[in-house]
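The file final.cif contains mmCIF, C-alpha atoms:
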data_my_file
#
loop_
_atom_site.group_PDB
_atom_site.id
_atom_site.type_symbol
_atom_site.label_atom_id
_atom_site.label_comp_id
_atom_site.auth_asym_id
_atom_site.auth_seq_id
_atom_site.Cartn_x
_atom_site.Cartn_y
_atom_site.Cartn_z
ATOM 1 C CA MET A 185 0.000 0.000 0.000
ATOM 2 C CA LYS A 186 2.824 2.372 0.962
ATOM 3 C CA LYS A 187 4.589 1.638 -2.333
ATOM 4 C CA THR A 188 1.367 2.315 -4.268
ATOM 5 C CA ILE A 189 0.869 5.666 -2.509
ATOM 6 C CA LEU A 190 4.463 6.719 -3.235
ATOM 7 C CA THR A 191 4.050 5.725 -6.878
ATOM 8 C CA CYS A 192 0.844 7.774 -7.192
ATOM 9 C CA MET A 193 2.548 10.779 -5.570
ATOM 10 C CA ALA A 194 5.456 10.492 -8.003
ATOM 11 C CA LEU A 195 3.073 10.354 -10.942
ATOM 12 C CA LEU A 196 1.208 13.408 -9.611
ATOM 13 C CA VAL A 197 4.446 15.400 -9.278
ATOM 14 C CA SER A 198 5.454 14.370 -12.822
ATOM 15 C CA ALA A 199 2.044 15.404 -14.152
ATOM 16 C CA VAL A 200 2.279 18.840 -12.497
ATOM 17 C CA ALA A 201 5.827 19.332 -13.800
ATOM 18 C CA PHE A 202 4.723 18.244 -17.271
ATOM 19 C CA SER A 203 1.828 20.704 -17.289
ATOM 20 C CA GLN A 204 4.142 23.554 -16.249
ATOM 21 C CA ALA A 205 6.869 22.722 -18.771
ATOM 22 C CA LYS A 206 7.395 25.218 -21.552
ATOM 23 C CA LYS A 207 6.228 23.636 -24.787
ATOM 24 C CA PRO A 208 8.098 24.140 -28.067
ATOM 25 C CA THR A 209 6.812 26.535 -30.720
ATOM 26 C CA ILE A 210 5.917 24.869 -34.006
ATOM 27 C CA MET A 211 5.414 25.835 -37.636
ATOM 28 C CA VAL A 212 3.501 23.605 -40.069
ATOM 29 C CA VAL A 213 4.900 23.588 -43.625
ATOM 30 C CA PRO A 214 3.951 21.679 -46.769
ATOM 31 C CA SER A 215 6.345 18.890 -47.691
ATOM 32 C CA VAL A 216 8.768 19.594 -50.527
ATOM 33 C CA THR A 217 7.461 16.372 -52.096
ATOM 34 C CA TRP A 218 3.909 17.753 -52.047
ATOM 35 C CA CYS A 219 5.103 21.060 -53.531
ATOM 36 C CA ASN A 220 6.940 19.190 -56.279
ATOM 37 C CA GLU A 221 3.951 16.965 -57.096
ATOM 38 C CA MET A 222 1.681 20.014 -57.290
ATOM 39 C CA GLY A 223 4.150 21.992 -59.407
ATOM 40 C CA TYR A 224 4.978 24.589 -56.743
ATOM 41 C CA THR A 225 8.740 24.769 -57.244
ATOM 42 C CA LYS A 226 11.273 27.163 -58.699
ATOM 43 C CA THR A 227 14.760 26.503 -60.019
ATOM 44 C CA PHE A 228 17.888 28.539 -59.358
ATOM 45 C CA ASP A 229 21.118 28.300 -61.327
ATOM 46 C CA THR A 230 24.078 28.115 -58.986
ATOM 47 C CA ASN A 231 27.545 27.986 -60.513
ATOM 48 C CA GLY A 232 26.295 26.089 -63.551
ATOM 49 C CA SER A 233 24.119 23.610 -61.645
ATOM 50 C CA SER A 234 20.361 23.790 -61.073
ATOM 51 C CA LYS A 235 18.841 23.807 -57.591
ATOM 52 C CA LYS A 236 15.092 23.171 -57.213
ATOM 53 C CA VAL A 237 13.370 24.604 -54.153
ATOM 54 C CA ALA A 238 9.756 24.792 -53.014
ATOM 55 C CA ASP A 239 7.810 27.895 -54.029
ATOM 56 C CA TYR A 240 5.813 28.280 -50.829
ATOM 57 C CA GLU A 241 4.554 31.744 -51.679
ATOM 58 C CA ARG A 242 2.845 30.612 -54.902
ATOM 59 C CA ALA A 243 1.500 27.492 -53.186
ATOM 60 C CA PHE A 244 -0.316 29.577 -50.577
ATOM 61 C CA LEU A 245 -1.591 32.024 -53.191
ATOM 62 C CA GLU A 246 -2.938 29.396 -55.586
ATOM 63 C CA ASN A 247 -3.914 26.356 -53.517
ATOM 64 C CA GLY A 248 -6.820 26.681 -51.082
ATOM 65 C CA ASP A 249 -6.384 23.086 -49.918
ATOM 66 C CA LEU A 250 -2.945 23.985 -48.552
ATOM 67 C CA LYS A 251 -4.425 26.624 -46.244
ATOM 68 C CA VAL A 252 -7.029 24.120 -45.057
ATOM 69 C CA ALA A 253 -4.414 21.427 -44.388
ATOM 70 C CA ILE A 254 -2.007 23.763 -42.570
ATOM 71 C CA THR A 255 -4.837 25.249 -40.491
ATOM 72 C CA THR A 256 -6.199 21.794 -39.596
ATOM 73 C CA ILE A 257 -2.869 20.460 -38.294
ATOM 74 C CA GLY A 258 -2.065 23.793 -36.647
ATOM 75 C CA SER A 259 -5.409 23.798 -34.861
ATOM 76 C CA MET A 260 -4.848 20.260 -33.584
ATOM 77 C CA MET A 261 -1.452 21.242 -32.203
ATOM 78 C CA THR A 262 -2.856 24.401 -30.617
ATOM 79 C CA ASP A 263 -5.487 22.266 -28.880
ATOM 80 C CA LEU A 264 -2.607 20.296 -27.347
ATOM 81 C CA GLY A 265 -1.127 23.544 -26.014
ATOM 82 C CA PHE A 266 1.735 24.011 -28.473
ATOM 83 C CA PRO A 267 2.357 27.663 -29.490
ATOM 84 C CA LEU A 268 1.978 28.007 -33.262
ATOM 85 C CA LYS A 269 3.939 30.160 -35.722
ATOM 86 C CA ASP A 270 1.901 30.829 -38.863
ATOM 87 C CA MET A 271 3.901 30.152 -42.022
ATOM 88 C CA GLU A 272 1.662 32.160 -44.335
ATOM 89 C CA GLN A 273 1.912 35.243 -42.135
ATOM 90 C CA ASN A 274 5.693 34.915 -42.086
ATOM 91 C CA LEU A 275 5.645 34.678 -45.868
ATOM 92 C CA ASN A 276 3.614 37.874 -46.032
ATOM 93 C CA ALA A 277 6.124 39.592 -43.768
ATOM 94 C CA LEU A 278 9.211 38.256 -45.496
ATOM 95 C CA SER A 279 9.196 38.160 -49.293
ATOM 96 C CA LEU A 280 10.915 35.210 -50.927
ATOM 97 C CA SER A 281 12.633 37.711 -53.183
ATOM 98 C CA ARG A 282 15.343 37.642 -50.520
ATOM 99 C CA ALA A 283 15.989 34.011 -51.383
ATOM 100 C CA GLU A 284 16.078 34.913 -55.075
ATOM 101 C CA THR A 285 18.592 37.683 -54.329
ATOM 102 C CA VAL A 286 20.842 35.155 -52.586
ATOM 103 C CA ALA A 287 20.579 32.866 -55.588
ATOM 104 C CA ARG A 288 21.385 35.647 -58.063
ATOM 105 C CA SER A 289 24.425 36.741 -56.074
ATOM 106 C CA SER A 290 25.653 33.151 -56.023
ATOM 107 C CA LYS A 291 26.522 33.448 -59.722
ATOM 108 C CA SER A 292 29.486 35.567 -58.692
ATOM 109 C CA GLY A 293 30.911 32.608 -56.806
ATOM 110 C CA ALA A 294 29.126 32.314 -53.443
ATOM 111 C CA GLU A 295 27.184 29.153 -52.629
ATOM 112 C CA VAL A 296 23.507 29.155 -51.652
ATOM 113 C CA ASP A 297 23.628 28.225 -47.970
ATOM 114 C CA GLN A 298 19.963 28.764 -47.122
ATOM 115 C CA THR A 299 16.782 27.403 -48.619
ATOM 116 C CA PRO A 300 13.612 29.524 -48.590
ATOM 117 C CA LEU A 301 12.468 27.503 -45.560
ATOM 118 C CA ASP A 302 15.735 28.321 -43.736
ATOM 119 C CA ILE A 303 15.099 32.027 -44.308
ATOM 120 C CA ILE A 304 11.454 31.854 -43.213
ATOM 121 C CA ASN A 305 12.258 29.826 -40.099
ATOM 122 C CA ALA A 306 15.191 32.057 -39.183
ATOM 123 C CA ARG A 307 12.667 34.877 -38.883
ATOM 124 C CA ALA A 308 9.941 32.840 -37.192
ATOM 125 C CA LYS A 309 12.433 31.085 -34.884
ATOM 126 C CA SER A 310 10.166 28.101 -34.335
ATOM 127 C CA ASP A 311 11.576 25.158 -32.411
ATOM 128 C CA ILE A 312 9.844 22.447 -34.419
ATOM 129 C CA ILE A 313 8.898 22.213 -38.094
ATOM 130 C CA PHE A 314 5.953 19.970 -38.956
ATOM 131 C CA ASP A 315 6.555 18.683 -42.482
ATOM 132 C CA LEU A 316 3.173 17.664 -43.929
ATOM 133 C CA TYR A 317 2.419 15.548 -47.002
ATOM 134 C CA TRP A 318 -1.039 14.351 -47.956
ATOM 135 C CA LYS A 319 -2.899 12.856 -50.897
ATOM 136 C CA VAL A 320 -6.635 12.297 -51.318
ATOM 137 C CA ASN A 321 -7.638 9.008 -52.932
ATOM 138 C CA SER A 322 -11.101 8.709 -54.484
ATOM 139 C CA ARG A 323 -12.793 5.303 -54.493
ATOM 140 C CA GLY A 324 -16.228 5.727 -56.045
ATOM 141 C CA PRO A 325 -18.432 7.744 -53.678
ATOM 142 C CA ARG A 326 -15.927 7.328 -50.836
ATOM 143 C CA SER A 327 -12.546 8.951 -50.239
ATOM 144 C CA THR A 328 -9.491 8.158 -48.183
ATOM 145 C CA LEU A 329 -6.533 10.340 -47.272
ATOM 146 C CA THR A 330 -2.935 9.160 -47.098
ATOM 147 C CA TYR A 331 -0.642 11.374 -45.027
ATOM 148 C CA ASN A 332 2.896 11.626 -43.697
ATOM 149 C CA LEU A 333 3.645 14.016 -40.849
ATOM 150 C CA ARG A 334 7.200 14.524 -39.614
ATOM 151 C CA ALA A 335 8.327 16.754 -36.760
ATOM 152 C CA LEU A 336 11.838 18.095 -37.378
ATOM 153 C CA ASP A 337 14.084 19.937 -34.954
ATOM 154 C CA ALA A 338 14.495 23.308 -36.689
ATOM 155 C CA TYR A 339 18.079 23.604 -35.418
ATOM 156 C CA THR A 340 19.399 20.228 -36.573
ATOM 157 C CA ASN A 341 16.785 19.061 -39.149
ATOM 158 C CA LYS A 342 16.701 15.754 -37.255
ATOM 159 C CA GLN A 343 13.387 13.905 -37.132
ATOM 160 C CA ILE A 344 12.051 13.817 -33.588
ATOM 161 C CA ALA A 345 8.494 12.570 -34.138
ATOM 162 C CA ALA A 346 6.531 11.068 -37.008
ATOM 163 C CA ALA A 347 3.220 9.556 -38.003
ATOM 164 C CA ASN A 348 1.763 8.269 -41.246
ATOM 165 C CA GLY A 349 -1.172 6.267 -42.460
ATOM 166 C CA THR A 350 -4.403 6.237 -44.436
ATOM 167 C CA SER A 351 -7.839 7.191 -43.167
ATOM 168 C CA GLU A 352 -10.854 4.919 -43.244
ATOM 169 C CA PRO A 353 -13.062 5.314 -46.359
ATOM 170 C CA SER A 354 -15.464 8.211 -45.835
ATOM 171 C CA ILE A 355 -18.381 9.697 -47.743
ATOM 172 C CA SER A 356 -17.061 13.144 -46.855
ATOM 173 C CA SER A 357 -14.758 14.702 -49.399
ATOM 174 C CA GLU A 358 -13.791 17.654 -47.212
ATOM 175 C CA LEU A 359 -10.032 17.787 -46.769
ATOM 176 C CA ALA A 360 -10.209 19.066 -43.186
ATOM 177 C CA VAL A 361 -12.454 16.171 -42.120
ATOM 178 C CA LEU A 362 -10.368 13.520 -43.865
ATOM 179 C CA LEU A 363 -7.094 14.918 -42.529
ATOM 180 C CA GLN A 364 -8.374 15.242 -38.987
ATOM 181 C CA GLU A 365 -9.751 11.698 -39.017
ATOM 182 C CA ALA A 366 -6.478 10.345 -40.405
ATOM 183 C CA VAL A 367 -4.123 12.176 -38.032
ATOM 184 C CA ASN A 368 -6.229 12.291 -34.860
ATOM 185 C CA ALA A 369 -5.375 8.752 -33.738
ATOM 186 C CA SER A 370 -1.651 9.560 -33.833
ATOM 187 C CA MET A 371 -1.676 12.924 -32.036
ATOM 188 C CA GLY A 372 -1.160 11.437 -28.568
ATOM 189 C CA LYS A 373 1.950 9.601 -29.745
ATOM 190 C CA ILE A 374 3.278 12.701 -31.523
ATOM 191 C CA GLU A 375 2.735 14.862 -28.419
ATOM 192 C CA GLU A 376 4.567 12.308 -26.281
ATOM 193 C CA GLN A 377 7.518 12.205 -28.695
ATOM 194 C CA LEU A 378 7.660 16.010 -28.874
ATOM 195 C CA MET A 379 7.599 16.488 -25.132
ATOM 196 C CA LYS A 380 10.246 13.806 -24.674
ATOM 197 C CA HIS A 381 12.462 15.717 -27.094
ATOM 198 C CA PHE A 382 11.816 19.065 -25.446
ATOM 199 C CA ASP A 383 12.349 17.656 -21.960
ATOM 200 C CA ASP A 384 15.681 16.298 -23.206
ATOM 201 C CA MET A 385 16.610 19.791 -24.416
ATOM 202 C CA GLY A 386 15.665 21.219 -21.034
ATOM 203 C CA GLN A 387 17.957 18.780 -19.256
ATOM 204 C CA ASN A 388 20.785 18.380 -21.775
ATOM 205 C CA GLY A 389 20.652 21.550 -23.877
ATOM 206 C CA ARG A 390 19.847 22.324 -27.484
ATOM 207 C CA GLU A 391 21.908 20.538 -30.139
ATOM 208 C CA VAL A 392 23.758 22.765 -32.644
ATOM 209 C CA ALA A 393 26.842 22.666 -34.865
ATOM 210 C CA LEU A 394 29.872 24.951 -35.093
ATOM 211 C CA VAL A 395 32.678 25.358 -37.634
ATOM 212 C CA ILE A 396 35.870 27.372 -37.092
ATOM 213 C CA GLN A 397 37.746 28.509 -40.196
ATOM 214 C CA LYS A 398 40.455 31.050 -41.048
ATOM 215 C CA TRP A 399 40.707 33.717 -43.684
ATOM 216 C CA ASP A 400 43.625 33.197 -46.047
ATOM 217 C CA SER A 401 44.765 36.690 -44.994
ATOM 218 C CA SER A 402 44.848 35.723 -41.305
ATOM 219 C CA PRO A 403 48.214 36.321 -39.557
ATOM 220 C CA TYR A 404 47.550 33.289 -37.350
ATOM 221 C CA ASP A 405 45.998 29.840 -37.628
ATOM 222 C CA LEU A 406 44.592 27.302 -35.168
ATOM 223 C CA GLU A 407 48.079 26.098 -34.248
ATOM 224 C CA SER A 408 49.255 29.598 -33.284
ATOM 225 C CA GLU A 409 50.103 29.834 -29.580
ATOM 226 C CA PHE A 410 48.481 32.176 -27.065
ATOM 227 C CA ASP A 411 49.328 32.053 -23.363
ATOM 228 C CA GLY A 412 51.324 28.848 -23.906
ATOM 229 C CA LYS A 413 48.475 27.005 -25.643
ATOM 230 C CA GLU A 414 47.533 26.502 -29.263
ATOM 231 C CA LEU A 415 44.455 28.412 -30.342
ATOM 232 C CA SER A 416 42.639 25.122 -31.027
ATOM 233 C CA GLU A 417 43.217 24.077 -27.386
ATOM 234 C CA LEU A 418 41.846 27.380 -26.108
ATOM 235 C CA ILE A 419 38.758 26.949 -28.272
ATOM 236 C CA GLU A 420 38.170 23.414 -26.968
ATOM 237 C CA ASP A 421 38.587 24.660 -23.390
ATOM 238 C CA TRP A 422 35.938 27.316 -24.098
ATOM 239 C CA MET A 423 33.650 24.700 -25.663
ATOM 240 C CA SER A 424 33.933 22.499 -22.580
ATOM 241 C CA ASP A 425 33.182 25.410 -20.246
ATOM 242 C CA ASN A 426 30.207 26.679 -22.253
ATOM 243 C CA THR A 427 28.305 23.523 -23.206
ATOM 244 C CA VAL A 428 25.751 21.674 -21.086
ATOM 245 C CA ASN A 429 27.520 18.847 -19.236
ATOM 246 C CA HIS A 430 30.598 19.598 -21.430
ATOM 247 C CA VAL A 431 28.953 17.722 -24.318
ATOM 248 C CA TYR A 432 30.228 18.244 -27.875
ATOM 249 C CA SER A 433 31.964 16.161 -30.557
ATOM 250 C CA THR A 434 35.026 17.282 -32.490
ATOM 251 C CA LEU A 435 34.724 16.000 -36.050
ATOM 252 C CA ASP A 436 37.804 17.655 -37.486
ATOM 253 C CA ALA A 437 40.739 19.693 -36.226
ATOM 254 C CA THR A 438 43.531 20.968 -38.463
ATOM 255 C CA GLU A 439 45.612 24.113 -38.566
ATOM 256 C CA THR A 440 42.907 25.836 -40.642
ATOM 257 C CA THR A 441 39.601 24.229 -39.617
ATOM 258 C CA MET A 442 37.775 22.854 -36.605
ATOM 259 C CA GLU A 443 34.342 21.255 -36.908
ATOM 260 C CA PHE A 444 32.059 20.456 -33.986
ATOM 261 C CA GLU A 445 28.693 18.676 -33.978
ATOM 262 C CA GLN A 446 26.267 17.423 -31.305
ATOM 263 C CA VAL A 447 27.139 20.602 -29.424
ATOM 264 C CA ARG A 448 24.745 21.010 -26.513
ATOM 265 C CA ILE A 449 24.117 24.664 -25.651
ATOM 266 C CA PRO A 450 21.919 25.933 -22.801
ATOM 267 C CA LEU A 451 18.368 27.076 -23.571
ATOM 268 C CA TYR A 452 18.796 30.072 -21.284
ATOM 269 C CA GLY A 453 21.706 32.375 -20.532
ATOM 270 C CA ALA A 454 22.273 35.179 -18.045
ATOM 271 C CA ASN A 455 19.153 36.604 -16.373
ATOM 272 C CA ASN A 456 17.205 33.573 -17.675
ATOM 273 C CA ARG A 457 17.331 35.065 -21.183
ATOM 274 C CA PRO A 458 16.560 32.572 -24.004
ATOM 275 C CA THR A 459 19.727 31.689 -25.924
ATOM 276 C CA ASP A 460 19.988 30.743 -29.584
ATOM 277 C CA THR A 461 22.964 29.503 -31.587
ATOM 278 C CA ARG A 462 24.043 32.969 -32.704
ATOM 279 C CA GLN A 463 24.030 34.422 -29.186
ATOM 280 C CA TRP A 464 25.943 31.413 -27.858
ATOM 281 C CA ALA A 465 28.551 31.552 -30.641
ATOM 282 C CA ARG A 466 28.927 35.286 -30.073
ATOM 283 C CA GLY A 467 30.371 34.336 -26.683
ATOM 284 C CA LEU A 468 33.228 32.521 -28.440
ATOM 285 C CA VAL A 469 33.780 35.507 -30.736
ATOM 286 C CA ASN A 470 34.118 37.726 -27.668
ATOM 287 C CA PHE A 471 36.468 35.218 -26.014
ATOM 288 C CA LEU A 472 38.720 35.168 -29.084
ATOM 289 C CA LYS A 473 38.772 38.961 -29.039
ATOM 290 C CA THR A 474 40.284 38.891 -25.530
ATOM 291 C CA LYS A 475 43.184 36.946 -27.066
ATOM 292 C CA GLY A 476 43.645 39.552 -29.783
ATOM 293 C CA VAL A 477 41.986 37.357 -32.422
ATOM 294 C CA ASP A 478 39.424 39.100 -34.641
ATOM 295 C CA SER A 479 36.742 36.914 -36.199
ATOM 296 C CA LYS A 480 33.483 37.005 -38.140
ATOM 297 C CA LEU A 481 30.332 35.075 -37.249
ATOM 298 C CA ASN A 482 27.958 33.762 -39.922
ATOM 299 C CA MET A 483 24.825 31.655 -39.551
ATOM 300 C CA ARG A 484 23.323 28.963 -41.780
ATOM 301 C CA GLY A 485 19.792 28.324 -40.661
ATOM 302 C CA LEU A 486 19.087 28.349 -36.920
ATOM 303 C CA GLY A 487 21.520 25.728 -35.692
ATOM 304 C CA HIS A 488 24.771 26.039 -37.654
ATOM 305 C CA ALA A 489 27.326 28.749 -36.856
ATOM 306 C CA THR A 490 30.597 29.429 -38.675
ATOM 307 C CA ILE A 491 33.334 31.590 -37.127
ATOM 308 C CA THR A 492 36.130 32.699 -39.462
ATOM 309 C CA ILE A 493 39.239 33.998 -37.689
ATOM 310 C CA GLY A 494 41.735 36.575 -38.875
ATOM 311 C CA GLU A 495 39.537 39.616 -39.436
ATOM 312 C CA LYS A 496 35.907 40.736 -39.304
#

Give the structure from the file, written as structure tokens.
Amino acid sequence: MKKTILTCMALLVSAVAFSQAKKPTIMVVPSVTWCNEMGYTKTFDTNGSSKKVADYERAFLENGDLKVAITTIGSMMTDLGFPLKDMEQNLNALSLSRAETVARSSKSGAEVDQTPLDIINARAKSDIIFDLYWKVNSRGPRSTLTYNLRALDAYTNKQIAAANGTSEPSISSELAVLLQEAVNASMGKIEEQLMKHFDDMGQNGREVALVIQKWDSSPYDLESEFDGKELSELIEDWMSDNTVNHVYSTLDATETTMEFEQVRIPLYGANNRPTDTRQWARGLVNFLKTKGVDSKLNMRGLGHATITIGEK
């Protein structure tokens, strides 16, 4: 009896903690596969090679079903208490002409580092991207809906939750009804997977990646010595001191490049201020400056920072 009471109390405490936990913000986006099947793509020429990307702006302008699908999934997630970032509103606030400008400038030699979705999400700063694909199948008077829903960490693009399947045959041909019926059975599992991921971030930090490079004009490299240590050693010491539980992996380390992945950074910094990859990496830039090393910080998406040493 005593053991049962203790177990119930533990479950109650967990339930209260779960209800008070900060839930991740999400943004629902149409799958690139869906955009391609529906013809909503555009092609950029980059250094002689073609790059096809989703044309989200045209998809929202021309396809009413897309708005219905995005709203349906978004509404279901809102009902579960997840804050929602509206993709269409972000598109209205941020023209995709910026992505086209990046592509045009790439002809002079620079690579396209960001997709239109990277640019949109960098502004929205959602934690999770829901990648949605669906297809309605007509069978006489009845219809079914096949769907695939993937939750991706916006910082790493890693899949953290997923569901797929086909709805039962229905006389209704309304997309919202078919989609809700198809996805509804999986929402509990998706919520559990999402919260498990976010709880892991709360305990172990957000996962990001970092690359250190040098300008060819730099008077020093990563083997240059400062205070009796090579610059690469100083950087690794800083990484250890500024990651959650000292967790990071060094993929590569040469005199010109260092590459880190599975870098766990805290969700909050000083004064309980939310921290993102750029703010965290800025700390390393400032540390290098104390050693007399100028550097420039660039971002690719939300979770990949590159610091180039030698000058700004």

inquiry  = (6.0, 21.3, -57.1) in this file's frame - what residues fall within 9 Å of it? Use all atoms listed in the file and give the answer as number ranges by chain.
reply    = A: 216-226, 237-239, 243

With the cut-off set at 12 Å and counting all atoms listed in the file, tabulate each residue of stretch 399-455 of chain A with an atom at most that distance from an atom of stretch 460-463 of chain A, showing the nearest atom pair and its distance in Å to one decimal, ordered by chain and increasing number, as a tab-separated table.
residue	atom	partner	partner_atom	distance
A:Thr427	CA	A:Thr461	CA	11.6
A:Val447	CA	A:Thr461	CA	10.1
A:Arg448	CA	A:Thr461	CA	10.1
A:Ile449	CA	A:Thr461	CA	7.7
A:Pro450	CA	A:Asp460	CA	8.5
A:Leu451	CA	A:Asp460	CA	7.2
A:Tyr452	CA	A:Asp460	CA	8.4
A:Gly453	CA	A:Gln463	CA	9.2
A:Ala454	CA	A:Gln463	CA	11.3

ask   = By how many Å are atom CA of A:Leu486 and atom CA of A:Lys269 apart?
value = 15.3 Å

message = Using Å and a single decimal, report how far atom CA of A:Tyr317 sits from atom CA of A:Glu241.
response =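 Interatomic distance, atom CA of A:Glu241 to atom CA of A:Tyr317: 17.0 Å.
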
request  = Any chance you could resolve the PyMOL selection byres ((chain A and resi 402) around 7) against this file and give the residues as a PyMOL selection string?
outcome  = chain A and resi 398-401+403-404+493-495

message = I'd like to see the residues matched by the PyMOL selection byres ((chain A and resi 442) around 10) on this file, and ideally I'd get them as number ranges by chain.
response = A: 394-398, 406, 416, 419-420, 434-441, 443-444, 490-491

message = Residues within 12 Å of A:Arg323, please, as a list in words. Count all atoms listed in the file; anything in the same chain fewer than 2 positions from it doesn't count.
response = Val320, Asn321, Pro325, Arg326, Ser327, Thr328, Leu329, Glu352, Pro353, Ser354, Ile355, Ser356 and Ser357 of chain A

message = What's the separation between atom CA of A:Gly349 and atom CA of A:Leu362, in Å to one decimal place?
response = 11.8 Å

ask   = Could you spell out the hits of the PyMOL selection byres ((chain A and resi 375-378) around 10) on the shown file, as a ChimeraX atom specification?
value = /A:207-208,261,264-266,312,335-337,344-346,370-374,379-384

message = Given all atoms listed in the file as the basis, pick out the residue of A:Ala253, A:Val361, A:Leu245, A:Met271 nearest to A:Trp318.
response = A:Ala253
